[in-house]
Amino acid sequence: MGIVLAASSATPGSANVLLVLGVVAAGATAFFVMRWLGKVLAAVLEIAAVIFLVCKAIKSVGVAVWWVLSTIRRFWRTSAGVLALAYLVSLVGWVPLVIALVTAALGCVVWWHEHVTTFERFISRRLRSWWLRWTIYQPRWKNWVRSCGLAVYARGENLAELGLPSIKAVRSGPSWDEVIVRLVPGLTVEDVEQSTRALAVARGADRCLVRQLGPSTVSLDFQRRDVLASLVDCATLDVDAAGTDVDLERVYAGLSEYSRPWHVPLLACHWLVGAESRAGKNSFTWQVLRSVAPALRDGLVVAHAIDPKGVELAYGRKVFTTYTDTAAGALELLDHLIDIANARKAELRGKARKVVISREQPLHLVEFDEIAALSKYAGSQVKAKLDQRVGLLLTQAAALGVCLRGYVQDPAKDTVAFRDLFTRRLCLRVPTEQQVDMVLGDDAVKRGAWAHRIPQTPQGKGVGYVFGEGVREPMRVRIGWNSDPSIKELEQYVTARGQVLALPAAGQTDAVA
């Protein structure tokens with residue numbers, strides 16, 4: 001009995017020991033399993049991290065290589081220069097290279113001193129373009145276009161920036177910088193035009209113009225200095241020049257704000273010149289006549305003058321085949337030109353679309369000064385007859401070898417009813433913004449034709465605005481200045497090889513040749 005009790009009392013203790021041992025064994029097993037799993041997971045994570053870093057490094061290298069190749073492609077001249085310089089340094093060292101550069105610099109100084117024109121063409125403008133691009137335009141470009149409202153953003157609540165216009169090239173002249181810009185989707189040429197004044201302020205330039213070069217390419221032209229502040233010399237008369245040497249589609253008239261000669265056409269067009277008194281509008285008359293002087297002398301161009309004031313054109317009246325200062329004479333001259341146009345029209349019908357200028361069919365160039373004197377202040381009958389005749393010439397005679405150039409101080413419709421029929425316009429100094437738009441067209445002032453701001457000083461005489469070929473903004477020009485002696489010289493030149501014209505008394509009309 002006692003033995004049985006002892007055995008039963010020992011059984012629970014053994015079970016507890018076994019339980020503890022089991023728990024310890026399970027814990028140890030779990031510990032070793034977790035430790036093994038931890039090592040495996042750490043190895044996996046380490047491998048993943050290595051793979052991630054390797055991929056990241058490959059991507060960074062690829063991006064860097066792509067950026068380098070793109071930069072070399074975009075700026076291949078600069079990149080080629082840097083690589084060539086590095087190669088020369090590695091080949092010969094610094095000292096010979098510095099000596100060569102100093103020698104080249106001295107040669108450039110001598111070249112500039114002896115012949116500044118060719119130096120500007122081949123060396124100066126290229127170095128200036130490169131320098132300005134990398135020191136001014138490229139570093140500041142992003143800030144400029146963002147602050148001037150030319151960045152393109154996503155629509156809706158997400159206003160993420162989608163793109164900026166980029167610089168393709170920079171060309172620098174003596175007074176203007178041309179920044180060739182590629183537009184991005186969502187940005188139009190009209191958007192750029194609205195920001196021209198802000199861009200000029202950002203650049204610190206006097207003016208900024210926009211020229212469209214392609215569907216998505218424009219040129220932003222920044223004016224660094226004013227080349228029109230000084231008088232522009234008139235053309236030199238060449239005694240040996242032939243009339244056939246004169247290009248009537250590109251007649252020298254002065255200088256543009258791009259430091260380039262300004263040429264105007266006389267064939268198949270008519271000109272309206274608006275300017276207040278003493279603005280220099282008759283400079284346009286004499287400069288163009290001086291430029292076509294060989295053609296005038298040889299009979300390829302026949303000049304006529306309608307001069308109601310009887311002063312300005314009368315000073316050089318020997319230049320004109322026909323001169324009149326009366327309303328009756330003006331109407332008679334216009335009738336004669338209409339007859340010439342009708343005769344040529346009948347001759348050309350079915351054979352050609354425009355006249356070929358020759359001695360047999362010369363260009364008739366009509367200088368009509370102070371149009372308002374006859375179109376508004378000479379009475380209703382004269383006005384009606386004048387409007388009819390001038391309207392016929394402006395609408396039908398351009399291709400028939402008749403070019404009418406009218407000059408007016410007040411370009412309002414009630415003064416010049418046929419104003420919109422002129423195909424070419426030039427606006428010199430006028431008193432109001434409205435008159436600028438009347439001469440050059442709607443929104444001309446908004447697009448940069450600030451003729452109302454031209455100063456009433458000698459520096460402002462002969463300065464005006466015209467729409468040039470390929471220029472979306474009005475181009476500022478200055479007409480060549482002809483002094484009184486130069487006008488008399490023109491008279492002598494035109495009449496040198498022919499009979500001097502008999503001049504009628506004031507108030508009468510010459511016979512039409």
# chains A, B, ... in the order shown; residues from 1 in each chain; ligands from 1
$ closest_atom_pairs --of "region 313-364 of chain A" --to "region 280-303 of chain A" --cutoff "8 Å" --atoms "only C-alpha atoms" --output "CSV"
residue,atom,partner,partner_atom,distance
A:Val319,CA,A:Ala303,CA,7.0
A:Phe320,CA,A:Ala303,CA,4.8
A:Thr321,CA,A:Ala303,CA,5.8
A:Thr322,CA,A:Ala303,CA,7.1
A:Ile357,CA,A:Leu300,CA,6.7
A:Ser358,CA,A:Leu300,CA,5.5
A:Arg359,CA,A:Leu300,CA,5.0
A:Gln361,CA,A:Leu300,CA,7.6
A:Pro362,CA,A:Leu300,CA,4.7
A:Leu363,CA,A:Val301,CA,4.7
A:His364,CA,A:Val302,CA,4.9
$ closest_atom_pairs --of "region 114-189 of chain A" --to "region 200-219 of chain A" --cutoff "10 Å" --atoms "only C-alpha atoms" --output "Markdown table"
| residue | atom | partner | partner_atom | distance |
| --- | --- | --- | --- | --- |
| A:Ile136 | CA | A:Arg203 | CA | 8.5 |
| A:Tyr137 | CA | A:Arg203 | CA | 8.5 |
| A:Arg140 | CA | A:Arg203 | CA | 9.2 |
| A:Trp141 | CA | A:Arg203 | CA | 9.7 |
| A:Asn143 | CA | A:Ala202 | CA | 9.3 |
| A:Trp144 | CA | A:Ala202 | CA | 6.4 |
| A:Val145 | CA | A:Ala202 | CA | 9.4 |
| A:Ser147 | CA | A:Ala202 | CA | 8.8 |
| A:Cys148 | CA | A:Ala202 | CA | 8.4 |
| A:Pro165 | CA | A:Thr217 | CA | 9.5 |
| A:Ser166 | CA | A:Thr217 | CA | 9.8 |
| A:Ile167 | CA | A:Ser219 | CA | 9.6 |
| A:Lys168 | CA | A:Thr217 | CA | 9.0 |
| A:Ala169 | CA | A:Ser219 | CA | 9.3 |
| A:Val170 | CA | A:Ser219 | CA | 9.2 |
| A:Arg171 | CA | A:Ser219 | CA | 9.8 |
| A:Trp176 | CA | A:Ala205 | CA | 9.3 |
| A:Asp177 | CA | A:Ser219 | CA | 9.4 |
| A:Glu178 | CA | A:Ser219 | CA | 6.0 |
| A:Val179 | CA | A:Ser219 | CA | 5.4 |
| A:Ile180 | CA | A:Ser219 | CA | 4.5 |
| A:Val181 | CA | A:Val218 | CA | 5.4 |
| A:Arg182 | CA | A:Thr217 | CA | 4.7 |
| A:Leu183 | CA | A:Ser216 | CA | 5.2 |
| A:Val184 | CA | A:Ser216 | CA | 7.4 |
| A:Pro185 | CA | A:Ser216 | CA | 8.6 |
| A:Leu187 | CA | A:Ser216 | CA | 8.8 |
| A:Thr188 | CA | A:Ser216 | CA | 7.9 |
| A:Val189 | CA | A:Gln212 | CA | 7.3 |
$ write_last_selection --atoms "N, CA and C atoms" --output "short mmCIF file (atom, residue, chain, number, x, y, z; two decimals), in the first residue's frame"
data_model
loop_
_atom_site.label_atom_id
_atom_site.label_comp_id
_atom_site.auth_asym_id
_atom_site.auth_seq_id
_atom_site.Cartn_x
_atom_site.Cartn_y
_atom_site.Cartn_z
N ILE A 136 25.30 85.16 -70.39
CA ILE A 136 24.06 85.89 -70.14
C ILE A 136 22.83 85.04 -70.43
N TYR A 137 22.68 84.61 -71.68
CA TYR A 137 21.40 84.02 -72.07
C TYR A 137 21.17 82.63 -71.47
N ARG A 140 20.65 82.55 -67.51
CA ARG A 140 19.50 83.28 -66.98
C ARG A 140 18.20 82.95 -67.69
N TRP A 141 18.26 82.11 -68.71
CA TRP A 141 17.11 81.91 -69.58
C TRP A 141 15.88 81.37 -68.83
N ASN A 143 14.99 81.52 -65.69
CA ASN A 143 14.38 82.53 -64.82
C ASN A 143 13.63 83.57 -65.64
N TRP A 144 14.19 83.97 -66.77
CA TRP A 144 13.53 84.96 -67.61
C TRP A 144 12.18 84.46 -68.12
N VAL A 145 12.16 83.27 -68.70
CA VAL A 145 10.91 82.81 -69.31
C VAL A 145 9.86 82.50 -68.25
N SER A 147 9.57 84.12 -65.28
CA SER A 147 9.09 85.40 -64.76
C SER A 147 8.29 86.18 -65.80
N CYS A 148 8.51 85.91 -67.09
CA CYS A 148 7.78 86.61 -68.16
C CYS A 148 6.55 85.85 -68.62
N PRO A 165 10.45 77.03 -73.25
CA PRO A 165 11.13 77.23 -74.54
C PRO A 165 12.63 77.19 -74.35
N SER A 166 13.33 76.64 -75.31
CA SER A 166 14.78 76.44 -75.16
C SER A 166 15.53 77.22 -76.22
N ILE A 167 16.78 77.57 -75.90
CA ILE A 167 17.63 78.32 -76.81
C ILE A 167 18.33 77.35 -77.77
N LYS A 168 18.21 77.61 -79.06
CA LYS A 168 18.89 76.81 -80.06
C LYS A 168 20.23 77.42 -80.47
N ALA A 169 20.26 78.75 -80.57
CA ALA A 169 21.49 79.42 -81.00
C ALA A 169 21.40 80.89 -80.62
N VAL A 170 22.55 81.54 -80.58
CA VAL A 170 22.63 82.99 -80.33
C VAL A 170 23.54 83.59 -81.39
N ARG A 171 23.06 84.64 -82.04
CA ARG A 171 23.85 85.36 -83.03
C ARG A 171 23.88 86.82 -82.62
N TRP A 176 22.53 94.31 -82.18
CA TRP A 176 21.41 93.42 -81.84
C TRP A 176 21.93 92.02 -81.55
N ASP A 177 21.22 91.34 -80.65
CA ASP A 177 21.42 89.92 -80.39
C ASP A 177 20.20 89.16 -80.89
N GLU A 178 20.43 88.11 -81.66
CA GLU A 178 19.35 87.27 -82.15
C GLU A 178 19.41 85.94 -81.40
N VAL A 179 18.40 85.70 -80.58
CA VAL A 179 18.32 84.47 -79.79
C VAL A 179 17.30 83.55 -80.46
N ILE A 180 17.77 82.46 -81.07
CA ILE A 180 16.90 81.52 -81.75
C ILE A 180 16.31 80.58 -80.71
N VAL A 181 14.99 80.54 -80.63
CA VAL A 181 14.29 79.82 -79.55
C VAL A 181 13.35 78.79 -80.15
N ARG A 182 13.37 77.59 -79.58
CA ARG A 182 12.41 76.55 -79.96
C ARG A 182 11.25 76.57 -78.95
N LEU A 183 10.04 76.73 -79.44
CA LEU A 183 8.86 76.75 -78.59
C LEU A 183 8.45 75.33 -78.20
N VAL A 184 7.69 75.24 -77.12
CA VAL A 184 7.20 73.95 -76.65
C VAL A 184 5.70 73.87 -76.91
N PRO A 185 5.12 72.66 -76.96
CA PRO A 185 3.67 72.54 -77.17
C PRO A 185 2.90 73.33 -76.11
N LEU A 187 2.64 76.68 -76.37
CA LEU A 187 3.14 78.05 -76.44
C LEU A 187 3.10 78.51 -77.89
N THR A 188 2.54 79.69 -78.15
CA THR A 188 2.41 80.21 -79.50
C THR A 188 3.28 81.44 -79.70
N VAL A 189 3.45 81.81 -80.95
CA VAL A 189 4.22 83.01 -81.27
C VAL A 189 3.54 84.24 -80.68
#
$ atom_distance --atom1 "CA of Ala341 (chain A)" --atom2 "CA of Ala398 (chain A)"
9.0 Å
$ select_by_dssp --residues "region 69-221 of chain A" --states "alpha helix (DSSP H)" --output "PyMOL selection string"
chain A and resi 69-74+76-92+94-114+116-119+125-132+138-147+189-194+196-203
$ atom_distance --atom1 "CA of Phe222 (chain A)" --atom2 "CA of Thr196 (chain A)"
9.4 Å
$ closest_residue --among "A:Arg349, A:Val430, A:Ser230, A:Gly406" --to "Gly480 (chain A)" --atoms "only C-alpha atoms"
A:Ser230
$ select_by_dssp --residues "region 116-336 of chain A" --states "strand (DSSP E or B)" --output "ChimeraX atom specification"
/A:152-153,161-163,166-172,176-182,208-214,217-223,233,251-256,261-264,271-274,301-306,322-324
$ residues_around --residues "Gly254 (chain A)" --least-positions-apart "2" --cutoff "12 Å" --atoms "only C-alpha atoms" --output "JSON, numbers by chain"
{"A": [227, 228, 230, 231, 232, 233, 234, 235, 250, 251, 252, 256, 257, 258, 259, 260, 261, 262, 263, 264, 283, 284, 285, 286, 287, 288, 290, 291, 462, 463, 464, 476, 477, 478, 479, 480, 481, 482]}
$ residues_around --residues "region 80-91 of chain A" --least-positions-apart "5" --cutoff "12 Å" --atoms "only C-alpha atoms" --output "list of chain:residue names"
A:Thr71, A:Ile72, A:Arg73, A:Arg74, A:Phe75, A:Pro96, A:Leu97, A:Val98, A:Ala100, A:Leu101, A:Trp130
$ closest_residue --among "A:Leu53, A:Asp484, A:Val239, A:Met475" --to "Gly448 (chain A)" --atoms "only C-alpha atoms"
A:Met475
$ closest_residue --among "A:Lys309, A:Tyr315, A:Leu337, A:Val95" --to "Pro485 (chain A)" --atoms "only C-alpha atoms"
A:Tyr315
$ closest_residue --among "A:Gln459, A:Gln223, A:Gln138, A:Gln409" --to "Val439 (chain A)" --atoms "only C-alpha atoms"
A:Gln409
$ residues_around --residues "Phe467 (chain A)" --least-positions-apart "4" --cutoff "10 Å" --atoms "only C-alpha atoms" --output "list in words"
Arg424, Arg425, Leu426, Cys427, Leu440, Ala444, Ala449, Val471, Arg472, Glu473, Pro474, Met475, Arg476 and Val477 of chain A
$ write_last_selection --atoms "N, CA and C atoms" --output "JSON list (two decimals), in the first residue's frame"
[["chain", "number", "residue", "atom", "x", "y", "z"],
["A", 424, "ARG", "N", 2.10, 99.53, -98.98],
["A", 424, "ARG", "CA", 3.27, 99.67, -98.12],
["A", 424, "ARG", "C", 3.10, 100.91, -97.26],
["A", 425, "ARG", "N", 3.55, 100.84, -96.00],
["A", 425, "ARG", "CA", 3.36, 101.95, -95.08],
["A", 425, "ARG", "C", 4.67, 102.28, -94.36],
["A", 426, "LEU", "N", 4.84, 103.57, -94.12],
["A", 426, "LEU", "CA", 5.96, 104.05, -93.32],
["A", 426, "LEU", "C", 5.43, 105.12, -92.39],
["A", 427, "CYS", "N", 5.70, 105.00, -91.11],
["A", 427, "CYS", "CA", 5.22, 105.96, -90.13],
["A", 427, "CYS", "C", 6.42, 106.60, -89.43],
["A", 440, "LEU", "N", 0.03, 102.29, -89.89],
["A", 440, "LEU", "CA", 0.64, 100.96, -89.99],
["A", 440, "LEU", "C", -0.35, 99.82, -89.82],
["A", 444, "ALA", "N", -0.56, 98.26, -84.11],
["A", 444, "ALA", "CA", 0.84, 98.51, -84.44],
["A", 444, "ALA", "C", 1.60, 99.02, -83.21],
["A", 449, "ALA", "N", 5.48, 99.61, -82.51],
["A", 449, "ALA", "CA", 5.67, 100.79, -83.38],
["A", 449, "ALA", "C", 5.40, 102.05, -82.55],
["A", 471, "VAL", "N", 9.59, 90.07, -90.39],
["A", 471, "VAL", "CA", 9.59, 90.65, -89.06],
["A", 471, "VAL", "C", 8.15, 90.82, -88.61],
["A", 472, "ARG", "N", 7.76, 90.14, -87.54],
["A", 472, "ARG", "CA", 6.40, 90.25, -87.04],
["A", 472, "ARG", "C", 6.20, 91.56, -86.30],
["A", 473, "GLU", "N", 7.27, 92.13, -85.78],
["A", 473, "GLU", "CA", 7.19, 93.42, -85.11],
["A", 473, "GLU", "C", 7.63, 94.52, -86.07],
["A", 474, "PRO", "N", 7.12, 95.75, -85.88],
["A", 474, "PRO", "CA", 7.58, 96.86, -86.73],
["A", 474, "PRO", "C", 9.08, 97.07, -86.59],
["A", 475, "MET", "N", 9.73, 97.32, -87.71],
["A", 475, "MET", "CA", 11.17, 97.54, -87.72],
["A", 475, "MET", "C", 11.44, 99.05, -87.75],
["A", 476, "ARG", "N", 12.35, 99.48, -86.90],
["A", 476, "ARG", "CA", 12.69, 100.90, -86.84],
["A", 476, "ARG", "C", 13.78, 101.19, -87.87],
["A", 477, "VAL", "N", 13.61, 102.29, -88.58],
["A", 477, "VAL", "CA", 14.54, 102.64, -89.65],
["A", 477, "VAL", "C", 14.84, 104.14, -89.57]]
$ closest_residue --among "A:Leu159, A:Cys55, A:Ser124, A:Gln396" --to "Cys108 (chain A)" --atoms "only C-alpha atoms"
A:Ser124
$ residues_around --residues "Val356 (chain A)" --least-positions-apart "3" --cutoff "12 Å" --atoms "only C-alpha atoms" --output "JSON, numbers by chain"
{"A": [248, 267, 268, 300, 344, 348, 351, 352, 353, 359, 360, 361, 362, 363, 399, 400, 401, 402]}
